[in-house]
>>> print(open('protein-v7.cif').read())   # mmCIF, C-alpha atoms and all ligand atoms
data_data
loop_
_atom_site.label_atom_id
_atom_site.label_comp_id
_atom_site.auth_asym_id
_atom_site.auth_seq_id
_atom_site.Cartn_x
_atom_site.Cartn_y
_atom_site.Cartn_z
CA MET C 1 14.36 16.54 -21.01
CA LEU C 2 10.84 17.50 -19.96
CA LYS C 3 9.35 20.08 -22.28
CA LEU C 4 8.27 23.40 -20.77
CA ASP C 5 4.65 22.79 -21.63
CA PHE C 6 4.73 19.89 -19.15
CA HIS C 7 5.08 22.53 -16.44
CA PRO C 8 1.90 24.59 -16.44
CA SER C 9 1.45 27.19 -13.71
CA GLY C 10 0.50 26.07 -10.22
CA ARG C 11 1.00 22.67 -8.65
CA HIS C 12 0.33 19.43 -10.41
CA PHE C 13 -2.38 17.38 -8.69
CA LEU C 14 -0.84 13.97 -8.08
CA GLN C 15 -3.94 12.08 -6.95
CA ILE C 16 -2.94 8.58 -7.97
CA PRO C 17 -2.92 6.06 -5.11
CA GLY C 18 0.82 6.34 -4.80
CA PRO C 19 3.32 7.74 -5.31
CA SER C 20 1.51 10.35 -3.24
CA PRO C 21 2.55 14.02 -2.97
CA VAL C 22 5.78 14.48 -1.01
CA PRO C 23 5.48 17.28 1.61
CA ASP C 24 8.01 20.11 1.31
CA ARG C 25 9.30 19.30 4.78
CA ILE C 26 10.33 15.84 3.56
CA LEU C 27 11.84 17.21 0.32
CA ARG C 28 13.93 19.62 2.38
CA ALA C 29 15.10 16.85 4.71
CA MET C 30 16.22 14.81 1.70
CA SER C 31 18.22 17.72 0.32
CA LEU C 32 20.76 17.57 3.17
CA PRO C 33 24.28 16.43 2.25
CA THR C 34 24.81 12.69 1.93
CA ILE C 35 26.93 11.41 4.81
CA ASP C 36 29.28 8.47 5.36
CA HIS C 37 27.02 5.44 5.71
CA ARG C 38 29.62 3.75 7.94
CA GLY C 39 30.14 6.76 10.21
CA PRO C 40 28.78 7.43 13.70
CA GLU C 41 26.15 9.96 12.63
CA PHE C 42 24.64 7.42 10.27
CA GLY C 43 24.58 4.69 12.95
CA ALA C 44 22.60 7.00 15.24
CA LEU C 45 20.15 7.83 12.44
CA GLY C 46 19.76 4.13 11.58
CA LEU C 47 18.95 3.12 15.17
CA ASP C 48 16.46 5.96 15.53
CA LEU C 49 14.73 5.06 12.26
CA LEU C 50 14.57 1.34 13.00
CA SER C 51 12.88 1.98 16.32
CA LYS C 52 10.42 4.59 15.00
CA ILE C 53 9.33 2.49 12.01
CA GLN C 54 8.24 -0.28 14.41
CA LYS C 55 5.59 2.08 15.78
CA ILE C 56 4.06 2.51 12.33
CA PHE C 57 3.80 -1.26 11.77
CA LYS C 58 2.66 -1.65 15.41
CA THR C 59 5.33 -4.22 16.12
CA GLU C 60 8.06 -4.84 18.63
CA ASN C 61 9.83 -7.14 16.18
CA PRO C 62 12.47 -6.13 13.62
CA VAL C 63 11.56 -4.21 10.46
CA ILE C 64 13.93 -4.60 7.49
CA ILE C 65 14.39 -1.55 5.24
CA TYR C 66 15.45 -2.23 1.64
CA PRO C 67 16.70 0.25 -0.97
CA ALA C 68 14.13 -1.11 -3.44
CA SER C 69 10.57 -0.60 -4.59
CA GLY C 70 7.74 -2.62 -3.07
CA THR C 71 8.20 -5.41 -5.60
CA GLY C 72 11.63 -6.10 -4.12
CA ALA C 73 10.13 -6.44 -0.65
CA TRP C 74 7.53 -8.89 -2.05
CA GLU C 75 10.37 -11.03 -3.37
CA ALA C 76 12.28 -10.69 -0.11
CA ALA C 77 9.28 -11.97 1.89
CA LEU C 78 9.07 -15.13 -0.22
CA ALA C 79 12.82 -15.66 -0.73
CA ASN C 80 13.49 -15.55 3.01
CA THR C 81 10.74 -17.92 4.07
CA MET C 82 10.21 -20.44 1.25
CA SER C 83 12.12 -23.28 -0.42
CA PRO C 84 11.84 -24.33 -4.08
CA GLY C 85 8.55 -26.16 -4.68
CA ASP C 86 6.90 -24.97 -1.46
CA LYS C 87 3.17 -24.38 -1.81
CA VAL C 88 1.53 -21.11 -0.81
CA LEU C 89 -2.08 -19.98 -0.76
CA MET C 90 -2.78 -16.59 -2.34
CA PHE C 91 -6.07 -14.74 -2.75
CA GLU C 92 -7.12 -12.87 -5.90
CA THR C 93 -8.30 -9.42 -4.85
CA GLY C 94 -7.06 -7.52 -7.90
CA HIS C 95 -4.06 -6.59 -10.02
CA PHE C 96 -1.47 -6.51 -7.25
CA ALA C 97 -2.49 -9.88 -5.81
CA THR C 98 -2.22 -11.18 -9.40
CA LEU C 99 1.29 -9.76 -9.85
CA TRP C 100 2.45 -11.27 -6.57
CA HIS C 101 1.04 -14.62 -7.69
CA LYS C 102 2.99 -14.30 -10.94
CA MET C 103 6.13 -13.54 -8.99
CA ALA C 104 5.64 -16.63 -6.82
CA LEU C 105 5.47 -18.76 -10.00
CA ARG C 106 8.71 -17.23 -11.27
CA LEU C 107 10.41 -17.91 -7.93
CA ASP C 108 9.46 -21.59 -8.09
CA VAL C 109 7.05 -21.29 -5.19
CA GLN C 110 3.86 -23.12 -6.12
CA PRO C 111 1.02 -20.68 -5.52
CA GLU C 112 -2.60 -21.72 -5.36
CA PHE C 113 -4.86 -18.80 -6.27
CA LEU C 114 -8.16 -18.75 -4.39
CA GLY C 115 -10.78 -16.18 -5.27
CA LEU C 116 -14.38 -15.31 -5.96
CA PRO C 117 -15.51 -16.19 -9.50
CA GLY C 118 -14.87 -13.89 -12.46
CA TYR C 119 -14.63 -10.19 -11.76
CA GLU C 120 -16.32 -10.50 -8.32
CA GLY C 121 -12.98 -10.92 -6.57
CA TRP C 122 -11.94 -7.53 -7.90
CA ARG C 123 -14.90 -5.89 -6.15
CA HIS C 124 -14.64 -7.59 -2.75
CA GLY C 125 -11.98 -8.29 -0.14
CA VAL C 126 -10.25 -11.50 0.93
CA GLN C 127 -12.83 -14.13 1.93
CA ALA C 128 -11.44 -15.52 5.18
CA ASP C 129 -13.97 -18.39 5.22
CA MET C 130 -12.61 -19.68 1.90
CA ILE C 131 -9.09 -19.61 3.32
CA GLU C 132 -10.22 -21.47 6.44
CA ALA C 133 -11.98 -24.15 4.38
CA ARG C 134 -8.93 -24.65 2.14
CA LEU C 135 -6.53 -24.86 5.08
CA LYS C 136 -8.77 -27.44 6.78
CA GLU C 137 -8.46 -29.63 3.69
CA ASP C 138 -4.66 -29.36 3.83
CA THR C 139 -4.27 -31.98 6.54
CA HIS C 140 -0.61 -32.64 5.64
CA HIS C 141 0.23 -28.96 6.01
CA GLU C 142 1.69 -28.67 2.55
CA LEU C 143 0.73 -25.01 2.31
CA LYS C 144 3.60 -23.09 3.87
CA ALA C 145 2.12 -19.59 3.76
CA VAL C 146 -1.05 -17.61 3.21
CA CYS C 147 -0.27 -14.45 1.21
CA VAL C 148 -2.84 -11.67 1.02
CA VAL C 149 -2.96 -8.02 -0.02
CA HIS C 150 -4.29 -5.78 2.74
CA ASN C 151 -5.10 -2.68 0.68
CA GLU C 152 -5.64 -3.71 -2.96
CA THR C 153 -4.52 -0.55 -4.73
CA SER C 154 -6.06 -1.59 -8.04
CA THR C 155 -9.60 -1.72 -6.64
CA GLY C 156 -9.84 0.30 -3.41
CA VAL C 157 -10.67 -2.64 -1.15
CA THR C 158 -9.05 -3.06 2.28
CA SER C 159 -9.27 -6.65 3.47
CA ASP C 160 -9.80 -7.78 7.04
CA ILE C 161 -6.42 -9.21 8.06
CA ALA C 162 -7.52 -10.06 11.62
CA ALA C 163 -10.18 -12.31 10.05
CA VAL C 164 -7.52 -14.08 7.97
CA ARG C 165 -5.46 -14.69 11.11
CA LYS C 166 -8.58 -16.10 12.82
CA ALA C 167 -9.21 -18.37 9.83
CA ILE C 168 -5.67 -19.79 9.97
CA ASP C 169 -6.01 -20.37 13.71
CA ALA C 170 -9.49 -21.90 13.36
CA ALA C 171 -8.04 -24.38 10.86
CA GLY C 172 -5.22 -25.16 13.31
CA HIS C 173 -2.78 -24.64 10.44
CA PRO C 174 0.88 -23.67 10.88
CA ALA C 175 1.16 -21.64 7.63
CA LEU C 176 2.91 -18.31 7.83
CA LEU C 177 0.75 -15.23 7.26
CA ILE C 178 2.41 -12.88 4.76
CA VAL C 179 0.64 -9.58 4.08
CA ASP C 180 1.23 -6.84 1.51
CA THR C 181 0.27 -3.47 2.95
CA ILE C 182 2.31 -1.50 0.46
CA SER C 183 -0.49 1.01 0.03
CA GLY C 184 -2.15 0.56 3.41
CA LEU C 185 0.62 1.43 5.83
CA ALA C 186 0.24 4.79 7.58
CA SER C 187 -3.17 5.38 5.94
CA ALA C 188 -5.26 2.33 6.88
CA ASP C 189 -5.31 0.68 10.30
CA TYR C 190 -2.57 -1.95 10.43
CA ARG C 191 -1.37 -4.06 13.38
CA HIS C 192 1.49 -6.43 12.61
CA ASP C 193 1.84 -7.97 16.08
CA GLU C 194 -1.80 -7.95 17.20
CA TRP C 195 -2.96 -9.59 13.96
CA GLY C 196 -0.25 -12.23 14.18
CA VAL C 197 1.29 -11.38 10.82
CA ASP C 198 4.59 -13.14 10.11
CA VAL C 199 5.88 -10.93 7.31
CA THR C 200 4.42 -7.55 6.40
CA VAL C 201 5.55 -6.05 3.11
CA SER C 202 5.32 -2.30 2.58
CA GLY C 203 6.74 0.59 0.60
CA SER C 204 7.67 4.24 0.91
CA GLN C 205 5.65 6.03 -1.76
CA LYS C 206 2.15 5.82 -0.33
CA GLY C 207 1.08 6.65 3.24
CA LEU C 208 4.65 7.40 4.26
CA MET C 209 4.62 10.30 1.76
CA LEU C 210 8.12 9.56 0.43
CA PRO C 211 9.31 9.16 -3.13
CA PRO C 212 9.48 5.56 -4.36
CA GLY C 213 12.67 3.69 -3.57
CA ILE C 214 12.52 2.10 -0.14
CA SER C 215 10.46 -0.84 1.04
CA PHE C 216 10.01 -2.96 4.12
CA ASN C 217 9.64 -6.43 5.59
CA ALA C 218 8.30 -6.43 9.16
CA LEU C 219 9.07 -9.81 10.72
CA SER C 220 7.80 -12.14 13.44
CA PRO C 221 9.91 -14.55 15.50
CA LYS C 222 8.25 -17.40 13.56
CA ALA C 223 9.28 -15.82 10.24
CA ILE C 224 12.86 -15.41 11.45
CA GLU C 225 12.91 -19.10 12.46
CA ALA C 226 11.48 -20.08 9.05
CA SER C 227 14.20 -18.05 7.31
CA LYS C 228 16.86 -20.31 8.83
CA GLN C 229 15.46 -23.30 6.90
CA ALA C 230 14.34 -21.51 3.70
CA LYS C 231 16.29 -22.60 0.63
CA LEU C 232 15.23 -20.18 -2.12
CA PRO C 233 18.36 -18.45 -3.43
CA LYS C 234 18.90 -14.99 -1.96
CA SER C 235 21.75 -12.69 -1.13
CA PHE C 236 20.76 -9.03 -1.41
CA TRP C 237 17.40 -9.81 0.22
CA ALA C 238 18.73 -12.09 2.99
CA TRP C 239 17.46 -10.96 6.37
CA ASP C 240 20.30 -12.44 8.47
CA GLU C 241 23.10 -10.07 7.41
CA ILE C 242 20.80 -7.06 7.49
CA LEU C 243 19.54 -7.90 10.99
CA GLU C 244 23.13 -8.25 12.17
CA ALA C 245 24.24 -4.89 10.70
CA ASN C 246 21.04 -3.19 11.91
CA LYS C 247 22.00 -3.94 15.52
CA ASN C 248 24.31 -0.91 15.24
CA GLY C 249 22.13 1.11 12.89
CA PHE C 250 24.00 0.10 9.71
CA TRP C 251 23.33 -1.94 6.56
CA PRO C 252 25.58 -4.55 4.90
CA TYR C 253 25.60 -2.42 1.72
CA THR C 254 25.13 1.24 0.86
CA PRO C 255 21.65 2.26 2.04
CA SER C 256 19.68 5.03 0.31
CA THR C 257 20.91 7.70 2.71
CA ASN C 258 18.84 10.65 1.50
CA LEU C 259 15.63 8.65 1.27
CA LEU C 260 16.30 7.61 4.86
CA TYR C 261 16.54 11.30 5.85
CA GLY C 262 13.12 11.63 4.26
CA LEU C 263 11.84 8.58 6.12
CA ASN C 264 13.08 10.01 9.39
CA GLU C 265 11.19 13.24 8.74
CA ALA C 266 8.04 11.36 7.67
CA LEU C 267 8.11 9.24 10.83
CA ASP C 268 8.45 12.36 12.99
CA MET C 269 5.53 13.99 11.16
CA LEU C 270 3.29 10.94 11.54
CA LEU C 271 4.20 10.16 15.13
CA ASP C 272 3.87 13.83 16.19
CA GLU C 273 0.42 13.96 14.64
CA GLY C 274 -0.47 10.62 16.23
CA MET C 275 -1.40 7.54 14.22
CA GLU C 276 -5.01 7.64 15.40
CA GLN C 277 -5.41 11.10 13.96
CA VAL C 278 -3.65 10.08 10.74
CA LEU C 279 -6.01 7.14 10.26
CA ALA C 280 -9.08 9.21 11.17
CA ARG C 281 -8.33 11.87 8.56
CA HIS C 282 -7.93 9.19 5.88
CA GLN C 283 -11.30 7.66 6.79
CA ARG C 284 -12.89 11.07 6.66
CA TRP C 285 -11.42 11.97 3.27
CA ALA C 286 -12.52 8.61 1.89
CA ALA C 287 -16.07 9.17 3.14
CA GLY C 288 -16.12 12.64 1.53
CA VAL C 289 -14.92 11.23 -1.81
CA ARG C 290 -17.52 8.44 -1.66
CA ALA C 291 -20.21 11.07 -0.99
CA ALA C 292 -19.10 12.71 -4.25
CA VAL C 293 -19.27 9.46 -6.22
CA GLU C 294 -22.72 8.79 -4.85
CA ALA C 295 -23.91 12.29 -5.79
CA TRP C 296 -22.60 11.78 -9.32
CA GLY C 297 -24.77 8.67 -9.45
CA LEU C 298 -21.78 6.43 -10.25
CA GLU C 299 -20.70 3.10 -8.80
CA ILE C 300 -17.80 2.55 -6.46
CA GLN C 301 -15.55 -0.36 -7.49
CA CYS C 302 -15.69 -1.89 -3.99
CA LEU C 303 -19.10 -3.49 -3.49
CA ASP C 304 -18.72 -4.23 0.22
CA PRO C 305 -19.00 -1.08 2.38
CA SER C 306 -17.32 -2.86 5.31
CA VAL C 307 -14.04 -2.94 3.34
CA TYR C 308 -14.05 0.44 1.58
CA SER C 309 -10.46 1.65 1.37
CA PRO C 310 -9.46 4.80 3.26
CA VAL C 311 -6.59 5.19 0.76
CA LEU C 312 -8.29 5.33 -2.63
CA THR C 313 -11.68 5.05 -4.28
CA GLY C 314 -12.30 3.28 -7.58
CA VAL C 315 -14.92 5.09 -9.68
CA VAL C 316 -16.68 2.85 -12.21
CA MET C 317 -17.57 4.46 -15.55
CA PRO C 318 -20.84 3.70 -17.37
CA GLU C 319 -20.34 0.80 -19.81
CA SER C 320 -20.24 3.00 -22.90
CA VAL C 321 -17.44 5.19 -21.51
CA ASP C 322 -13.70 4.46 -21.73
CA ALA C 323 -12.29 5.42 -18.32
CA ASP C 324 -8.82 5.97 -19.82
CA ALA C 325 -10.18 8.54 -22.27
CA VAL C 326 -11.81 10.40 -19.35
CA ARG C 327 -8.56 10.30 -17.40
CA LYS C 328 -6.67 11.67 -20.40
CA ILE C 329 -9.01 14.66 -20.68
CA ILE C 330 -8.74 15.32 -16.95
CA TYR C 331 -4.94 15.18 -17.13
CA GLU C 332 -4.65 17.40 -20.18
CA ARG C 333 -7.23 19.99 -19.16
CA PHE C 334 -6.71 20.17 -15.39
CA ASP C 335 -3.15 18.91 -14.75
CA LEU C 336 -4.60 16.21 -12.50
CA SER C 337 -3.26 12.64 -12.46
CA LEU C 338 -5.68 9.87 -11.50
CA GLY C 339 -4.97 6.15 -11.25
CA MET C 340 -5.86 4.06 -14.27
CA GLY C 341 -7.85 0.83 -14.24
CA LEU C 342 -5.29 -1.99 -14.07
CA GLY C 343 -5.49 -5.53 -15.42
CA LYS C 344 -9.10 -6.75 -15.56
CA ALA C 345 -10.29 -3.25 -14.59
CA LYS C 346 -8.55 -1.53 -17.52
CA GLY C 347 -10.78 1.08 -19.17
CA LYS C 348 -13.64 0.32 -16.77
CA MET C 349 -12.79 2.64 -13.89
CA PHE C 350 -10.36 5.25 -12.59
CA ARG C 351 -8.92 5.57 -9.12
CA ILE C 352 -8.81 8.66 -6.91
CA GLY C 353 -6.00 8.59 -4.36
CA HIS C 354 -6.83 10.33 -1.07
CA LEU C 355 -3.77 9.52 0.97
CA GLY C 356 -0.85 11.17 2.65
CA ASP C 357 -0.26 14.89 2.27
CA CYS C 358 -3.78 15.92 1.18
CA ASN C 359 -6.30 18.27 2.73
CA ASP C 360 -9.98 18.98 2.24
CA LEU C 361 -9.36 21.56 -0.44
CA THR C 362 -6.87 19.52 -2.48
CA LEU C 363 -9.50 16.79 -2.53
CA ILE C 364 -12.25 19.23 -3.49
CA ALA C 365 -10.03 20.43 -6.34
CA THR C 366 -9.43 16.81 -7.34
CA LEU C 367 -13.16 16.10 -7.35
CA GLY C 368 -13.68 19.34 -9.31
CA GLY C 369 -11.26 18.10 -11.97
CA CYS C 370 -13.02 14.73 -12.10
CA GLU C 371 -16.45 16.32 -12.33
CA ALA C 372 -15.50 18.79 -15.07
CA GLY C 373 -13.56 16.13 -17.00
CA MET C 374 -16.45 13.65 -16.86
CA LYS C 375 -18.85 16.34 -18.11
CA LEU C 376 -16.46 17.16 -20.97
CA SER C 377 -16.37 13.43 -21.77
CA GLY C 378 -20.16 13.25 -21.97
CA VAL C 379 -20.64 11.21 -18.77
CA ASN C 380 -24.15 11.73 -17.51
CA LEU C 381 -23.85 12.87 -13.88
CA LYS C 382 -26.83 12.86 -11.53
CA GLY C 383 -25.63 15.77 -9.40
CA SER C 384 -22.56 17.61 -8.11
CA GLY C 385 -20.03 15.46 -6.30
CA VAL C 386 -18.03 18.55 -5.40
CA THR C 387 -20.95 20.03 -3.48
CA ALA C 388 -21.66 16.71 -1.78
CA ALA C 389 -18.04 16.38 -0.62
CA LEU C 390 -17.88 20.02 0.53
CA ASP C 391 -21.05 19.47 2.54
CA TYR C 392 -19.64 16.26 3.99
CA PHE C 393 -16.38 17.90 5.03
CA ALA C 394 -18.19 20.92 6.48
CA ALA C 395 -20.58 18.74 8.50
CA ASN C 396 -17.84 16.39 9.73
CA PRO C 397 -14.90 18.41 11.05
CA LEU C 398 -11.88 16.47 12.23
CA ASN C 399 -10.83 17.86 15.60
CA ALA C 400 -11.96 21.31 14.45
CA GLY C 401 -8.99 23.52 13.69
CA LYS C 402 -6.57 20.63 13.02
CA ARG C 403 -6.39 18.69 9.81
N1 LIG L 1 1.51 -4.16 -3.98
C1 LIG L 1 0.65 -3.13 -3.94
C2 LIG L 1 -0.61 -3.28 -3.15
C3 LIG L 1 0.94 -1.95 -4.63
O1 LIG L 1 0.08 -0.92 -4.59
C4 LIG L 1 2.14 -1.86 -5.37
C5 LIG L 1 2.45 -0.64 -6.13
O2 LIG L 1 1.64 0.22 -6.32
C6 LIG L 1 3.00 -2.96 -5.37
C7 LIG L 1 2.66 -4.09 -4.67
C8 LIG L 1 4.28 -2.92 -6.14
O3 LIG L 1 5.16 -1.98 -5.53
P1 LIG L 1 6.23 -1.17 -6.35
O4 LIG L 1 5.55 -0.60 -7.55
O5 LIG L 1 6.73 -0.14 -5.37
O6 LIG L 1 7.31 -2.13 -6.73
#
>>> encode(input="protein-v7.cif", output="structure tokens")
Amino acid sequence: MLKLDFHPSGRHFLQIPGPSPVPDRILRAMSLPTIDHRGPEFGALGLDLLSKIQKIFKTENPVIIYPASGTGAWEAALANTMSPGDKVLMFETGHFATLWHKMALRLDVQPEFLGLPGYEGWRHGVQADMIEARLKEDTHHELKAVCVVHNETSTGVTSDIAAVRKAIDAAGHPALLIVDTISGLASADYRHDEWGVDVTVSGSQKGLMLPPGISFNALSPKAIEASKQAKLPKSFWAWDEILEANKNGFWPYTPSTNLLYGLNEALDMLLDEGMEQVLARHQRWAAGVRAAVEAWGLEIQCLDPSVYSPVLTGVVMPESVDADAVRKIIYERFDLSLGMGLGKAKGKMFRIGHLGDCNDLTLIATLGGCEAGMKLSGVNLKGSGVTAALDYFAANPLNAGKR
């Protein structure tokens, strides 16, 4: 049981980079009665959902929806395309790339982990030239896939996936391109078909503004062909039975009906707003938050401005300061949750999520909590980040009148 003092007045500020705040409209949609998942109403909902979700991935190919968190969809991507002992090339961009690498080892896929030396890889994006060079060396085509994280949630770096595709093509290599955009989808530009991605992995609790619990594999014809030969054990994750049942809007097992109501609502919200507008407001929020970090005189975790994430910003603390202690003060004093530094970044930085159902003022409040909490923690700030972000938002309206 949660104690009462965990419910202070007003709304909690959930500004971690996912789960992101769930809009009331989606919560209401999920509160509708659960229906028969083999009945006609469900089939109609399923078909509608499966066609709308393609628009978010920018694909005309099938998108699989799993009742699982993103980690499940990671496993599904590998289990459906690889055989025991197959080699894959992965790129170390941060904590999530590292966890996916660990999973590949456990699944008996042999991952090779490319990356920039030391901590550098955690402050930059995927280096497509390194991938190209490695693939050119692989003249026997032993590497069966290139697996990269699009939006590295642990660092706030959004890698250039089109450049990775170009690198694979320039090497003339047949490897599949498998991309995790668990935290990028519906917040950062993503184009499954145009970028020639074979499997895109994503999840519900970030840009789609849903609670955790559903995840996705967007496929390509080449990935579907590969799945026919892949020998890793799988049953729950197997695409073939799901694709068959999906033809009529159903699943081979009980889908998460009420989360799917929520997904339906989220897709309507995003598509009504228009994806261009959705992406533009994320870029704008990110720029406002970066203006604040700059005014504070602090470093952003991402060192390459061309790959700043529109989803989150990593704020690096001065060396003498424990970022987790700062986060704790901010949480306790201002009821504001920020993302912690993960893995190699633990204690060095915190992460501000600026995705999904935010607006200028929720972000200003978030920056206010950060600013006050850092002052209470004795962090020496150069100036006011709140004022800098307010000025940025005021000077850069997004389609004035609309969010
Ligand atoms: N990959 C990325 C980039 C993520 O941000 C996350 C979760 O935050 C995951 C994978 C794992 O997904 P989940 O926690 O939903 O299993």
>>> atom_distance(input="protein-v7.cif", atom1="atom CA of Ala280 of chain C", atom2="atom CA of Leu398 of chain C")
7.9 Å
>>> residues_near_ligand(input="protein-v7.cif", ligand="ligand LIG 1 (chain L)", cutoff="7 Å", atoms="all atoms listed in the file", output="short mmCIF file (atom, residue, chain, number, x, y, z; two decimals) with C-alpha atoms, in the coordinates of the input")
data_model
loop_
_atom_site.label_atom_id
_atom_site.label_comp_id
_atom_site.auth_asym_id
_atom_site.auth_seq_id
_atom_site.Cartn_x
_atom_site.Cartn_y
_atom_site.Cartn_z
CA GLY C 18 0.82 6.34 -4.80
CA SER C 69 10.57 -0.60 -4.59
CA GLY C 70 7.74 -2.62 -3.07
CA THR C 71 8.20 -5.41 -5.60
CA GLY C 72 11.63 -6.10 -4.12
CA PHE C 96 -1.47 -6.51 -7.25
CA VAL C 149 -2.96 -8.02 -0.02
CA ASN C 151 -5.10 -2.68 0.68
CA GLU C 152 -5.64 -3.71 -2.96
CA THR C 153 -4.52 -0.55 -4.73
CA ASP C 180 1.23 -6.84 1.51
CA THR C 181 0.27 -3.47 2.95
CA ILE C 182 2.31 -1.50 0.46
CA SER C 183 -0.49 1.01 0.03
CA GLY C 203 6.74 0.59 0.60
CA PRO C 212 9.48 5.56 -4.36
#
>>> atom_distance(input="protein-v7.cif", atom1="atom CA of Phe13 of chain C", atom2="atom CA of Arg327 of chain C")
12.8 Å
>>> atom_distance(input="protein-v7.cif", atom1="atom CA of Ala162 of chain C", atom2="atom CA of Trp195 of chain C")
5.1 Å
>>> closest_residue(input="protein-v7.cif", among="C:Val201, C:Leu114, C:Met90, C:Val126", to="Cys147 of chain C", atoms="only C-alpha atoms")
C:Met90
>>> residues_around(input="protein-v7.cif", residues="Pro310 of chain C", least_positions_apart="2", cutoff="7 Å", atoms="all atoms listed in the file", output="list of chain:residue names")
C:Ser187, C:Ala188, C:His282, C:Gln283, C:Ala286, C:Tyr308, C:Leu312
>>> write_last_selection(input="protein-v7.cif", atoms="C-alpha atoms", output="PDB file, in the frame of the given file")
ATOM      1  CA  SER C 187      -3.170   5.380   5.940  1.00  0.00           C
ATOM      2  CA  ALA C 188      -5.260   2.330   6.880  1.00  0.00           C
ATOM      3  CA  HIS C 282      -7.930   9.190   5.880  1.00  0.00           C
ATOM      4  CA  GLN C 283     -11.300   7.660   6.790  1.00  0.00           C
ATOM      5  CA  ALA C 286     -12.520   8.610   1.890  1.00  0.00           C
ATOM      6  CA  TYR C 308     -14.050   0.440   1.580  1.00  0.00           C
ATOM      7  CA  LEU C 312      -8.290   5.330  -2.630  1.00  0.00           C
TER       8      LEU C 312
END
>>> residues_around(input="protein-v7.cif", residues="Asp138 of chain C", least_positions_apart="4", cutoff="12 Å", atoms="all atoms listed in the file", output="PyMOL selection string")
chain C and resi 87-89+131-134+142-145+168+171-175
>>> residues_around(input="protein-v7.cif", residues="Glu194 of chain C", least_positions_apart="4", cutoff="10 Å", atoms="only C-alpha atoms", output="PyMOL selection string")
chain C and resi 58-59+162+165+190
>>> closest_residue(input="protein-v7.cif", among="C:Gly43, C:Ala186, C:Gly121, C:Leu232", to="Arg106 of chain C", atoms="only C-alpha atoms")
C:Leu232
>>> closest_residue(input="protein-v7.cif", among="C:Asn217, C:Asn396, C:Gln229, C:Gln301", to="Ala287 of chain C", atoms="all atoms listed in the file")
C:Asn396
>>> residues_around(input="protein-v7.cif", residues="Gly39 of chain C", least_positions_apart="6", cutoff="12 Å", atoms="all atoms listed in the file", output="compact mmCIF listing (two decimals) with C-alpha atoms, keeping the file's coordinate frame")
# COMPACT_ATOMS: atom_id res chain seq x y z
CA LEU C 45 20.15 7.83 12.44
CA GLY C 46 19.76 4.13 11.58
CA ASN C 248 24.31 -0.91 15.24
CA GLY C 249 22.13 1.11 12.89
CA PHE C 250 24.00 0.10 9.71
CA TRP C 251 23.33 -1.94 6.56
CA THR C 254 25.13 1.24 0.86
CA THR C 257 20.91 7.70 2.71
>>> residues_around(input="protein-v7.cif", residues="segment 269-273 of chain C", least_positions_apart="2", cutoff="9 Å", atoms="only C-alpha atoms", output="ChimeraX atom specification")
/C:52,55-56,186,208,264-267,275-278
>>> closest_residue(input="protein-v7.cif", among="C:Leu105, C:Ala73, C:Val307, C:Val379", to="Ser159 of chain C", atoms="all atoms listed in the file")
C:Val307
>>> closest_residue(input="protein-v7.cif", among="C:Leu177, C:Ile16, C:Leu298, C:Ala226", to="Ile352 of chain C", atoms="all atoms listed in the file")
C:Ile16
>>> closest_residue(input="protein-v7.cif", among="C:Gly118, C:Gly207, C:Pro233, C:Pro305", to="Ala345 of chain C", atoms="all atoms listed in the file")
C:Gly118
>>> residues_near_point(input="protein-v7.cif", point="(3.1, 7.9, -4.3)", cutoff="7 Å", atoms="all atoms listed in the file", output="list of chain:residue names")
C:Pro17, C:Gly18, C:Pro19, C:Ser20, C:Pro21, C:Gln205, C:Lys206, C:Met209, C:Pro211, C:Pro212
>>> residues_near_point(input="protein-v7.cif", point="(-10.1, 3.6, -12.6)", cutoff="12 Å", atoms="only C-alpha atoms", output="PyMOL selection string")
chain C and resi 15-17+153-156+299-302+312-318+321-328+337-353+370
>>> decode(input="protein-v7.cif", residues="segment 329-335 of chain C", atoms="N, CA and C atoms", output="mmCIF file, in the first residue's frame")
data_model
loop_
_atom_site.group_PDB
_atom_site.id
_atom_site.type_symbol
_atom_site.label_atom_id
_atom_site.label_comp_id
_atom_site.auth_asym_id
_atom_site.auth_seq_id
_atom_site.Cartn_x
_atom_site.Cartn_y
_atom_site.Cartn_z
ATOM 1 N N ILE C 329 17.021 15.093 -3.687
ATOM 2 C CA ILE C 329 16.504 16.357 -3.116
ATOM 3 C C ILE C 329 15.355 16.898 -3.979
ATOM 4 N N ILE C 330 15.557 16.840 -5.282
ATOM 5 C CA ILE C 330 14.526 17.373 -6.199
ATOM 6 C C ILE C 330 13.226 16.566 -6.056
ATOM 7 N N TYR C 331 13.371 15.271 -5.909
ATOM 8 C CA TYR C 331 12.186 14.406 -5.762
ATOM 9 C C TYR C 331 11.477 14.702 -4.440
ATOM 10 N N GLU C 332 12.263 14.763 -3.381
ATOM 11 C CA GLU C 332 11.646 14.926 -2.056
ATOM 12 C C GLU C 332 11.067 16.321 -1.858
ATOM 13 N N ARG C 333 11.732 17.330 -2.382
ATOM 14 C CA ARG C 333 11.272 18.702 -2.131
ATOM 15 C C ARG C 333 10.226 19.167 -3.147
ATOM 16 N N PHE C 334 10.296 18.668 -4.377
ATOM 17 C CA PHE C 334 9.435 19.241 -5.417
ATOM 18 C C PHE C 334 8.558 18.213 -6.130
ATOM 19 N N ASP C 335 8.552 16.970 -5.641
ATOM 20 C CA ASP C 335 7.685 15.931 -6.215
ATOM 21 C C ASP C 335 7.931 15.789 -7.730
#
